[in-house]
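Text of the file run-v5.txt, holding compact mmCIF, C-alpha atoms:
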```txt
# COMPACT_ATOMS: atom_id res chain seq x y z
CA MET A 23 -32.21 -44.84 44.19
CA ASN A 24 -29.55 -43.13 46.25
CA ILE A 25 -25.80 -42.69 45.84
CA GLY A 26 -23.94 -42.71 49.16
CA SER A 27 -20.41 -42.03 47.94
CA ILE A 28 -18.27 -41.57 44.86
CA PHE A 29 -14.58 -42.34 44.48
CA LEU A 30 -12.69 -41.23 41.36
CA ARG A 31 -9.05 -41.78 40.48
CA ASN A 32 -7.42 -40.35 37.35
CA PHE A 33 -10.86 -39.60 35.95
CA ARG A 34 -10.70 -36.46 33.81
CA ASN A 35 -9.05 -33.75 35.96
CA TYR A 36 -9.48 -35.65 39.24
CA LYS A 37 -6.32 -37.37 40.41
CA GLU A 38 -8.25 -38.62 43.43
CA LEU A 39 -11.67 -37.63 44.75
CA LYS A 40 -13.82 -39.12 47.52
CA LEU A 41 -17.26 -37.62 48.20
CA ASN A 42 -19.89 -38.57 50.74
CA LEU A 43 -23.16 -37.31 49.35
CA SER A 44 -26.47 -35.92 50.54
CA PRO A 45 -29.54 -38.08 49.83
CA SER A 46 -31.32 -34.87 48.77
CA LEU A 47 -29.73 -31.98 46.83
CA ASN A 48 -26.03 -31.92 45.92
CA ILE A 49 -25.02 -28.63 44.31
CA PHE A 50 -21.57 -28.13 42.79
CA ILE A 51 -20.54 -24.48 42.41
CA GLY A 52 -17.57 -23.21 40.41
CA ASN A 53 -16.37 -21.42 37.32
CA ASN A 54 -16.35 -23.15 33.94
CA ALA A 55 -13.72 -25.83 33.19
CA GLN A 56 -13.06 -26.62 36.86
CA GLY A 57 -14.47 -30.17 36.93
CA LYS A 58 -18.14 -29.83 37.94
CA THR A 59 -19.47 -31.62 34.87
CA ASN A 60 -16.87 -34.38 35.26
CA ILE A 61 -18.61 -35.49 38.48
CA ILE A 62 -21.98 -35.61 36.70
CA GLU A 63 -20.36 -37.48 33.81
CA SER A 64 -18.86 -40.13 36.11
CA ILE A 65 -22.32 -40.95 37.54
CA TYR A 66 -23.90 -41.05 34.07
CA TYR A 67 -21.10 -43.30 32.84
CA ALA A 68 -21.57 -45.67 35.79
CA ALA A 69 -25.27 -45.94 34.96
CA LEU A 70 -25.09 -46.47 31.21
CA GLY A 71 -21.49 -47.45 30.45
CA THR A 72 -21.05 -44.55 28.07
CA SER A 73 -20.41 -40.81 28.28
CA TYR A 74 -22.85 -38.20 27.01
CA ARG A 75 -19.91 -35.97 26.04
CA ILE A 76 -17.39 -38.16 24.18
CA LYS A 77 -17.28 -41.53 22.40
CA ASN A 78 -13.77 -42.74 23.26
CA ASP A 79 -13.31 -43.98 26.84
CA ASN A 80 -9.62 -43.09 26.71
CA ASP A 81 -10.63 -39.43 26.82
CA LEU A 82 -12.04 -40.04 30.31
CA ILE A 83 -8.62 -41.04 31.63
CA ASN A 84 -6.37 -38.28 32.96
CA TRP A 85 -3.89 -37.44 30.22
CA GLN A 86 -0.94 -38.16 32.55
CA ASP A 87 -2.09 -41.73 33.31
CA ASN A 88 -3.04 -44.94 31.52
CA GLU A 89 -5.89 -46.06 33.77
CA ALA A 90 -8.81 -44.59 35.70
CA PHE A 91 -11.27 -45.82 38.32
CA ILE A 92 -14.89 -45.05 39.19
CA ASN A 93 -16.27 -46.52 42.41
CA ILE A 94 -19.85 -45.75 43.49
CA ASP A 95 -21.75 -47.02 46.53
CA PHE A 96 -25.53 -46.80 46.08
CA THR A 97 -28.79 -48.24 47.36
CA ARG A 98 -31.43 -49.68 45.07
CA LEU A 99 -34.79 -50.55 46.62
CA ASP A 100 -33.10 -50.22 50.04
CA ILE A 101 -30.41 -52.78 49.15
CA ASP A 102 -26.74 -51.69 49.27
CA ASN A 103 -24.81 -52.03 46.01
CA ASN A 104 -21.41 -51.13 44.61
CA ILE A 105 -20.40 -50.51 41.01
CA LYS A 106 -16.75 -50.20 39.91
CA PHE A 107 -15.23 -49.34 36.54
CA HIS A 108 -11.58 -49.85 35.68
CA LEU A 109 -10.67 -48.00 32.48
CA ASN A 110 -7.35 -48.73 30.81
CA LYS A 111 -5.90 -47.22 27.63
CA LEU A 112 -4.20 -50.52 26.78
CA LYS A 113 -6.78 -53.07 27.92
CA ARG A 114 -10.47 -53.76 27.79
CA ARG A 115 -12.38 -52.03 30.58
CA GLN A 116 -13.63 -53.98 33.59
CA ILE A 117 -17.05 -53.57 35.24
CA LEU A 118 -17.69 -55.01 38.69
CA LEU A 119 -21.13 -55.09 40.33
CA ASN A 120 -20.91 -56.08 43.99
CA GLY A 121 -17.54 -57.67 43.25
CA ASP A 122 -18.68 -59.72 40.25
CA ASN A 123 -17.64 -59.06 36.66
CA ILE A 124 -20.52 -58.01 34.43
CA ARG A 125 -20.77 -57.10 30.75
CA GLN A 126 -22.21 -53.98 29.16
CA LYS A 127 -25.37 -55.84 28.18
CA ASP A 128 -26.15 -56.42 31.88
CA LEU A 129 -25.48 -52.85 33.05
CA PRO A 130 -28.50 -50.66 32.14
CA GLY A 131 -31.03 -50.43 34.96
CA THR A 132 -28.50 -51.21 37.68
CA LEU A 133 -28.04 -47.54 38.64
CA THR A 134 -30.76 -45.46 36.99
CA THR A 135 -30.30 -41.77 36.15
CA VAL A 136 -32.03 -38.95 34.34
CA LEU A 137 -29.75 -36.34 32.79
CA PHE A 138 -30.82 -32.78 31.95
CA SER A 139 -28.10 -30.83 30.13
CA PRO A 140 -28.17 -27.76 27.84
CA GLU A 141 -28.16 -30.09 24.82
CA ASP A 142 -31.55 -31.42 25.94
CA LEU A 143 -33.08 -28.06 25.08
CA LEU A 144 -32.64 -29.20 21.46
CA ILE A 145 -34.93 -32.21 21.96
CA ILE A 146 -37.93 -30.27 20.63
CA LYS A 147 -36.41 -28.48 17.65
CA GLY A 148 -33.45 -30.77 16.94
CA ALA A 149 -33.16 -33.80 14.67
CA PRO A 150 -35.40 -36.88 15.19
CA ALA A 151 -32.34 -38.84 16.35
CA LEU A 152 -32.29 -36.74 19.55
CA ARG A 153 -35.88 -37.66 20.37
CA ARG A 154 -35.29 -41.35 19.60
CA ARG A 155 -32.23 -41.27 21.85
CA PHE A 156 -34.30 -39.76 24.67
CA LEU A 157 -36.80 -42.58 24.35
CA ASP A 158 -34.21 -45.34 23.99
CA ILE A 159 -32.26 -44.29 27.10
CA GLU A 160 -35.47 -44.23 29.12
CA LEU A 161 -36.57 -47.66 27.95
CA SER A 162 -33.09 -49.21 28.22
CA GLN A 163 -32.91 -48.31 31.90
CA THR A 164 -36.32 -49.76 32.70
CA ASN A 165 -36.30 -52.80 30.41
CA LEU A 166 -33.03 -54.68 29.88
CA SER A 167 -34.65 -56.80 27.16
CA TYR A 168 -35.38 -53.59 25.26
CA TYR A 169 -31.75 -52.49 25.52
CA ASN A 170 -30.38 -55.80 24.27
CA ASN A 171 -32.98 -55.99 21.50
CA LEU A 172 -32.07 -52.45 20.41
CA VAL A 173 -28.38 -53.39 20.26
CA LYS A 174 -29.32 -56.44 18.19
CA PHE A 175 -31.52 -54.37 15.88
CA ASN A 176 -28.76 -51.82 15.23
CA LYS A 177 -26.29 -54.60 14.37
CA ILE A 178 -28.79 -56.16 11.95
CA ILE A 179 -29.31 -52.79 10.25
CA VAL A 180 -25.55 -52.39 9.77
CA GLN A 181 -25.24 -55.90 8.29
CA ARG A 182 -28.31 -55.47 6.08
CA ASN A 183 -27.06 -52.11 4.78
CA ASN A 184 -23.66 -53.62 3.96
CA LEU A 185 -25.42 -56.38 2.03
CA LEU A 186 -27.63 -53.86 0.19
CA LYS A 187 -24.51 -52.06 -1.07
CA LYS A 188 -23.00 -55.35 -2.27
CA ILE A 189 -26.24 -56.24 -4.08
CA ARG A 190 -26.23 -52.80 -5.72
CA GLU A 191 -22.68 -53.49 -6.89
CA HIS A 192 -23.74 -56.95 -8.18
CA LYS A 193 -21.51 -58.71 -5.65
CA GLN A 194 -24.37 -60.51 -3.90
CA LYS A 195 -27.86 -61.76 -4.75
CA ALA A 196 -31.03 -60.02 -3.51
CA GLU A 197 -32.26 -63.32 -2.06
CA MET A 198 -29.60 -62.99 0.63
CA LEU A 199 -31.76 -60.27 2.22
CA ASP A 200 -34.31 -62.88 3.33
CA MET A 201 -31.97 -64.11 6.07
CA TRP A 202 -31.49 -60.63 7.55
CA ASP A 203 -35.15 -59.64 7.14
CA ALA A 204 -36.21 -62.71 9.13
CA GLN A 205 -34.20 -61.31 12.07
CA LEU A 206 -34.98 -57.64 11.45
CA ILE A 207 -38.79 -57.89 11.42
CA PRO A 208 -39.33 -59.31 14.96
CA ALA A 209 -36.60 -57.05 16.40
CA ALA A 210 -38.23 -53.95 14.89
CA SER A 211 -41.71 -55.03 16.00
CA PHE A 212 -40.51 -55.45 19.59
CA ILE A 213 -39.03 -51.94 19.59
CA TRP A 214 -42.22 -50.45 18.14
CA GLU A 215 -44.38 -52.19 20.73
CA LYS A 216 -42.29 -51.02 23.69
CA ARG A 217 -41.87 -47.46 22.38
CA TRP A 218 -45.61 -47.17 21.68
CA GLU A 219 -46.51 -48.25 25.23
CA ALA A 220 -43.87 -45.97 26.78
CA VAL A 221 -44.89 -42.87 24.84
CA LYS A 222 -48.50 -43.20 25.99
CA LYS A 223 -47.36 -43.22 29.63
CA ILE A 224 -44.76 -40.48 29.20
CA SER A 225 -47.30 -38.28 27.41
CA SER A 226 -49.71 -38.68 30.31
CA PHE A 227 -47.06 -37.78 32.90
CA ALA A 228 -45.73 -34.87 30.82
CA ALA A 229 -49.23 -33.42 30.37
CA VAL A 230 -49.64 -33.18 34.16
CA MET A 231 -46.23 -31.51 34.51
CA GLN A 232 -46.93 -29.02 31.71
CA ASP A 233 -50.27 -28.22 33.31
CA ASN A 234 -48.61 -27.42 36.64
CA ILE A 235 -45.72 -25.39 35.22
CA SER A 236 -47.96 -23.31 32.94
CA ASN A 237 -50.66 -22.79 35.59
CA ASN A 238 -53.16 -24.81 33.53
CA GLN A 239 -52.59 -22.70 30.42
CA GLU A 240 -50.90 -25.32 28.22
CA LYS A 241 -52.04 -28.82 27.28
CA LEU A 242 -49.12 -31.00 26.18
CA LEU A 243 -49.56 -34.07 23.98
CA ILE A 244 -46.81 -36.41 22.77
CA LYS A 245 -47.29 -38.75 19.82
CA TYR A 246 -45.06 -41.51 18.52
CA LYS A 247 -44.70 -41.18 14.76
CA ILE A 248 -43.80 -44.43 13.01
CA PHE A 249 -42.18 -43.63 9.68
CA ALA A 250 -44.13 -45.13 6.74
CA PHE A 251 -47.01 -45.95 9.13
CA GLU A 252 -48.05 -42.35 9.90
CA ASP A 253 -51.77 -43.02 10.30
CA ILE A 254 -51.47 -46.14 12.41
CA ALA A 255 -53.81 -46.25 15.44
CA ASN A 256 -51.92 -48.98 17.33
CA VAL A 257 -49.07 -51.44 16.77
CA SER A 258 -51.25 -54.54 16.66
CA GLY A 259 -50.36 -56.49 13.54
CA ILE A 260 -47.42 -54.27 12.67
CA GLU A 261 -45.03 -57.22 12.28
CA GLU A 262 -46.88 -58.56 9.23
CA ALA A 263 -47.37 -55.05 7.84
CA TYR A 264 -43.64 -54.33 8.22
CA LYS A 265 -42.80 -57.56 6.40
CA ASP A 266 -44.92 -56.44 3.43
CA LYS A 267 -43.49 -52.91 3.36
CA LEU A 268 -39.92 -54.12 3.70
CA TYR A 269 -40.34 -56.42 0.72
CA ALA A 270 -42.16 -53.77 -1.33
CA ASN A 271 -39.37 -51.29 -0.59
CA ARG A 272 -36.54 -53.71 -1.38
CA PHE A 273 -35.66 -52.14 -4.75
CA ASN A 274 -35.39 -48.67 -3.21
CA ASP A 275 -33.26 -50.03 -0.37
CA ILE A 276 -30.87 -51.63 -2.85
CA ARG A 277 -30.67 -48.43 -4.90
CA ARG A 278 -29.91 -46.35 -1.79
CA GLY A 279 -27.74 -48.94 -0.09
CA ALA A 280 -29.66 -48.40 3.15
CA THR A 281 -32.76 -49.69 4.96
CA GLY A 282 -35.42 -47.03 4.45
CA ILE A 283 -38.13 -48.24 6.82
CA GLY A 284 -37.80 -49.13 10.50
CA PRO A 285 -37.63 -47.78 14.05
CA HIS A 286 -34.35 -46.01 13.20
CA HIS A 287 -36.40 -43.47 11.19
CA ASP A 288 -39.19 -42.79 13.72
CA ASP A 289 -39.87 -39.60 15.65
CA LEU A 290 -41.74 -38.02 18.54
CA GLU A 291 -44.19 -35.20 17.85
CA LEU A 292 -45.05 -32.73 20.64
CA PHE A 293 -48.10 -30.49 20.62
CA VAL A 294 -49.14 -27.70 22.99
CA ASN A 295 -52.79 -26.69 22.69
CA ASN A 296 -52.84 -28.64 19.38
CA ILE A 297 -49.93 -26.59 17.98
CA ASN A 298 -46.86 -28.46 16.72
CA LEU A 299 -44.10 -27.32 19.08
CA LYS A 300 -41.20 -27.97 16.72
CA ASN A 301 -42.66 -25.89 13.91
CA PHE A 302 -44.70 -23.23 15.68
CA GLY A 303 -43.93 -23.27 19.42
CA SER A 304 -42.30 -20.26 21.07
CA GLN A 305 -38.92 -20.66 22.76
CA GLY A 306 -40.62 -20.45 26.15
CA GLN A 307 -43.13 -23.16 25.25
CA GLN A 308 -40.35 -25.39 23.92
CA ARG A 309 -38.30 -25.01 27.10
CA THR A 310 -41.30 -25.71 29.29
CA ALA A 311 -42.06 -28.83 27.24
CA VAL A 312 -38.46 -30.09 27.63
CA LEU A 313 -38.71 -29.54 31.38
CA SER A 314 -42.05 -31.41 31.43
CA LEU A 315 -40.45 -34.26 29.45
CA LYS A 316 -37.63 -34.56 31.97
CA LEU A 317 -40.02 -34.53 34.92
CA ALA A 318 -42.15 -37.13 33.11
CA GLU A 319 -39.02 -39.24 32.65
CA LEU A 320 -38.58 -39.32 36.43
CA GLU A 321 -42.21 -40.35 36.97
CA TYR A 322 -42.06 -43.01 34.25
CA ILE A 323 -39.02 -44.67 35.85
CA LYS A 324 -40.64 -44.45 39.29
CA ASP A 325 -43.85 -45.98 37.93
CA THR A 326 -41.95 -48.79 36.18
CA LEU A 327 -39.26 -49.65 38.72
CA GLY A 328 -40.86 -48.54 41.97
CA GLN A 329 -38.35 -45.80 42.81
CA TYR A 330 -37.06 -42.51 41.47
CA PRO A 331 -33.75 -42.47 39.59
CA VAL A 332 -30.83 -40.21 40.47
CA LEU A 333 -31.25 -36.84 38.74
CA LEU A 334 -28.32 -35.08 37.05
CA LEU A 335 -28.73 -31.37 36.16
CA ASP A 336 -25.66 -30.24 34.27
CA ASP A 337 -25.47 -26.47 33.80
CA VAL A 338 -29.16 -25.98 33.00
CA MET A 339 -30.25 -23.78 35.91
CA SER A 340 -29.11 -20.58 34.20
CA GLU A 341 -31.22 -21.56 31.17
CA LEU A 342 -34.44 -21.40 33.22
CA ASP A 343 -36.21 -18.38 34.64
CA ILE A 344 -36.47 -17.95 38.43
CA ASN A 345 -40.02 -19.30 38.61
CA ARG A 346 -39.27 -22.51 36.67
CA ARG A 347 -35.99 -22.98 38.53
CA GLU A 348 -37.47 -22.72 42.02
CA LYS A 349 -40.50 -24.88 41.15
CA MET A 350 -38.22 -27.56 39.76
CA VAL A 351 -35.76 -27.68 42.67
CA LEU A 352 -38.56 -27.73 45.25
CA PHE A 353 -40.26 -30.54 43.33
CA PHE A 354 -37.08 -32.66 43.49
CA ARG A 355 -36.55 -31.91 47.17
CA ASP A 356 -40.13 -32.62 48.21
CA LYS A 357 -40.24 -35.87 46.21
CA ASN A 358 -36.97 -37.01 47.88
CA ILE A 359 -35.23 -37.36 44.51
CA GLN A 360 -31.48 -37.36 44.96
CA THR A 361 -30.29 -34.58 42.69
CA PHE A 362 -26.88 -33.43 41.45
CA ILE A 363 -26.70 -29.86 40.15
CA THR A 364 -23.83 -27.91 38.59
CA ALA A 365 -23.89 -24.11 38.50
CA THR A 366 -21.64 -21.07 38.57
CA ASP A 367 -23.67 -18.92 40.98
CA LYS A 368 -24.52 -20.21 44.45
CA ASP A 369 -26.93 -17.30 45.01
CA MET A 370 -29.39 -19.14 42.76
CA PHE A 371 -29.97 -21.53 45.67
CA SER A 372 -30.04 -19.09 48.60
CA ASN A 373 -33.72 -19.89 49.29
CA ILE A 374 -33.34 -23.67 49.06
CA SER A 375 -33.00 -25.70 52.26
CA LYS A 376 -31.76 -29.29 52.64
CA ALA A 377 -29.05 -28.70 50.04
CA LYS A 378 -25.40 -29.68 50.34
CA LEU A 379 -23.16 -27.22 48.48
CA TYR A 380 -19.67 -27.96 47.18
CA SER A 381 -17.04 -25.59 45.78
CA VAL A 382 -15.16 -26.95 42.75
CA THR A 383 -11.83 -25.42 41.73
CA ALA A 384 -9.32 -27.05 39.35
CA GLY A 385 -10.25 -30.60 40.33
CA ASN A 386 -10.50 -29.89 44.05
CA VAL A 387 -13.87 -30.20 45.80
CA GLU A 388 -14.69 -28.71 49.19
CA VAL A 389 -17.96 -28.80 51.11
CA ILE A 390 -19.38 -25.29 51.63
CA ASN A 391 -22.19 -26.39 53.91
CA GLY A 392 -24.01 -29.56 54.97
```

Any chance you could put this one into structure tokens?
Amino acid sequence: MNIGSIFLRNFRNYKELKLNLSPSLNIFIGNNAQGKTNIIESIYYAALGTSYRIKNDNDLINWQDNEAFINIDFTRLDIDNNIKFHLNKLKRRQILLNGDNIRQKDLPGTLTTVLFSPEDLLIIKGAPALRRRFLDIELSQTNLSYYNNLVKFNKIIVQRNNLLKKIREHKQKAEMLDMWDAQLIPAASFIWEKRWEAVKKISSFAAVMQDNISNNQEKLLIKYKIFAFEDIANVSGIEEAYKDKLYANRFNDIRRGATGIGPHHDDLELFVNNINLKNFGSQGQQRTAVLSLKLAELEYIKDTLGQYPVLLLDDVMSELDINRREKMVLFFRDKNIQTFITATDKDMFSNISKAKLYSVTAGNVEVING
């Protein structure tokens, strides 16, 4: 995967920006609040149709205008492609892939990316939702059926929870749950199956990365923890087991007004040398594990789709020590992974060759070298 050029108009603080990009390392240097992250955000948005910073698309449009454009030329498996987004404060957005209108449900996997931002450092010690999100983004980009099934599952959960509240208030009968459960059970089972398979692969890739970064001192293991099925050895037969548990838990669900068992409650557990990282890992071990996870994410996508995704590193270089930083950048360069990096200090990259550096100041971008 390689992005050849980006064109932005009225996107965030960019009135108009056209960049021709390096197929290797693209490093954007500038002070805070100048627009570096906005470039990273535009690529992420083009890949997934959503921002990792805000929920309302209108916030992406320059405050002085009513519409914005993102236009990206990229190659996927050596085939030229173009993706365009037209955002409008008054109308529904438009997505064009190679000139044809597409919907959000067809977008994931078109332009694949891996994002590493400061918030990702919370993956280990943060809430389970962060770890589920990490897994869901990975799977959505490599398996469109997973993405659409996940969207369907989340809608079913919302509808089922609304019904549970009405049953609790004696406005509906409990038998009405049968209709939603018949849809929920296969959707949940599909998610469990795909997550289980993915975690086994990601754990294997991450273990190799952790081994290399720690000079063979740390053995990383990742486990998928299915809530209410903690001791499960595999997901074979889980559909029937979930049906039984869902029915047995129906009274509690009605009392709470929420579905208490399902993939929306699951978690990832990470261990280094058999020590639970979230509870007992040092800050250094946790950061190394996050880095290993991100590197494993690259390898998983490469293994699944046959090519590396575009890598987005948003303001994380200063969070890593010199050794980790140099190892990471050299890894990306030597693997020919197109990488976008934002930073405030260009001296961090003085020893890195094959890098194209840009200076970013108040929405203006100039090439420093390359």

Could you write out as AutoDock Vina command-line options the box around segment 178-188 of chain A (axis-aligned, all atoms listed in the file, 5 Å on each side), with centre and edge lengths in Å to one decimal?
```
--center_x -26.2 --center_y -54.2 --center_z 4.8 --size_x 16.3 --size_y 14.3 --size_z 24.2
```

Long-range neighbours of Arg278 of chain A as a PyMOL selection string, 10 Å cut-off, all atoms listed in the file, 6 positions minimum in chain = chain A and resi 183+186-187+190+272

Which residues, written as a PDB file with C-alpha atoms, in the frame of the given file, have at least one atom at most 12 Å from Glu348 of chain A, with all atoms listed in the file counted and residues fewer than 5 positions away on the same chain left out?
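Now in out04.pdb:
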```pdb
ATOM      1  CA  ILE A 235     -45.720 -25.390  35.220  1.00  0.00           C
ATOM      2  CA  MET A 339     -30.250 -23.780  35.910  1.00  0.00           C
ATOM      3  CA  SER A 340     -29.110 -20.580  34.200  1.00  0.00           C
ATOM      4  CA  LEU A 342     -34.440 -21.400  33.220  1.00  0.00           C
ATOM      5  CA  ASP A 343     -36.210 -18.380  34.640  1.00  0.00           C
ATOM      6  CA  PHE A 353     -40.260 -30.540  43.330  1.00  0.00           C
ATOM      7  CA  PHE A 354     -37.080 -32.660  43.490  1.00  0.00           C
ATOM      8  CA  ARG A 355     -36.550 -31.910  47.170  1.00  0.00           C
ATOM      9  CA  ASP A 356     -40.130 -32.620  48.210  1.00  0.00           C
ATOM     10  CA  MET A 370     -29.390 -19.140  42.760  1.00  0.00           C
ATOM     11  CA  PHE A 371     -29.970 -21.530  45.670  1.00  0.00           C
ATOM     12  CA  SER A 372     -30.040 -19.090  48.600  1.00  0.00           C
ATOM     13  CA  ASN A 373     -33.720 -19.890  49.290  1.00  0.00           C
ATOM     14  CA  ILE A 374     -33.340 -23.670  49.060  1.00  0.00           C
ATOM     15  CA  SER A 375     -33.000 -25.700  52.260  1.00  0.00           C
TER      16      SER A 375
END
```

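The residue that comes closest to Leu320 of chain A, out of A:Ala151, A:Val387, A:Val294, A:Val136 and on the basis of only C-alpha atoms, is A:Val136.
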
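Of the listed residues (A:Val351, A:Ala69, A:Leu109, A:Ala365), A:Leu109 comes nearest to Asn88 of chain A; the distances count all atoms listed in the file.
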
How many Å separate atom CA of Asn358 of chain A from atom CA of Asn48 of chain A?
-> 12.2 Å

Mind listing whatever residues come within 12 Å of the point (-45.6, -23.1, 33.0)? Use only C-alpha atoms, file coordinates, and give them as a VMD selection string.
-> chain A and resid 228 to 242 294 306 to 314 342 to 347 349 to 350

Which residues come within 12 Å of Leu112 of chain A, counting all atoms listed in the file, excluding same-chain residues fewer than 5 positions away, as a PyMOL selection string?
-> chain A and resi 79-80+83+87-90

List every residue of segment 265-315 of chain A that has an atom at most 8 Å from any atom of segment 198-217 of chain A, giving for each one its closest atom pair and the distance in Å to one decimal, counting all atoms listed in the file, sorted by chain and then by ascending residue number, as JSON lines.
```
{"residue": "A:Lys265", "atom": "CA", "partner": "A:Ile207", "partner_atom": "CA", "distance": 6.4}
{"residue": "A:Gly284", "atom": "CA", "partner": "A:Ala210", "partner_atom": "CA", "distance": 6.5}
{"residue": "A:Pro285", "atom": "CA", "partner": "A:Ala210", "partner_atom": "CA", "distance": 6.3}
```

Please build the interface table for segment 323-391 of chain A against segment 93-108 of chain A with a cut-off of 10 Å, listing for each qualifying residue the nearest atom pair and the distance in Å to one decimal; count only C-alpha atoms, order rows by chain and increasing number, and write it as a Markdown table.
```
| residue | atom | partner | partner_atom | distance |
| --- | --- | --- | --- | --- |
| A:Leu327 | CA | A:Leu99 | CA | 9.1 |
| A:Gly328 | CA | A:Leu99 | CA | 7.9 |
| A:Gln329 | CA | A:Leu99 | CA | 7.1 |
| A:Tyr330 | CA | A:Arg98 | CA | 9.8 |
| A:Pro331 | CA | A:Arg98 | CA | 9.3 |
```

List every protein, DNA or RNA residue that has an atom no more than 10 Å from (-25.8, -51.9, 32.5) in the file's coordinate frame, counting all atoms listed in the file, and report them as number ranges by chain.
-> A: 67-72, 117, 119, 124-134, 162-163, 166, 169

Give the answer as one residue: which of A:His286, A:Arg277, A:Arg75, A:Lys324 has the shortest atom-to-atom distance to Glu191 of chain A, using all atoms listed in the file?
-> A:Arg277

Quote the spacing between atom CA of Lys368 of chain A and atom CA of Phe50 of chain A in Å to one decimal place.
-> 8.6 Å

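The gap separating atom CA of Ser225 of chain A from atom CA of Ile244 of chain A is 5.0 Å, in Å to one decimal.
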
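Distance annotation: of A:Leu243, A:Ala55, A:Leu41, A:Val338, the residue with the minimal separation from Pro140 of chain A is A:Val338; atom set is all atoms listed in the file.
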
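With distances restricted to all atoms listed in the file, A:Ile363 is the closest residue to Thr59 of chain A from A:Val257, A:Ile363, A:Leu290, A:Ala280.
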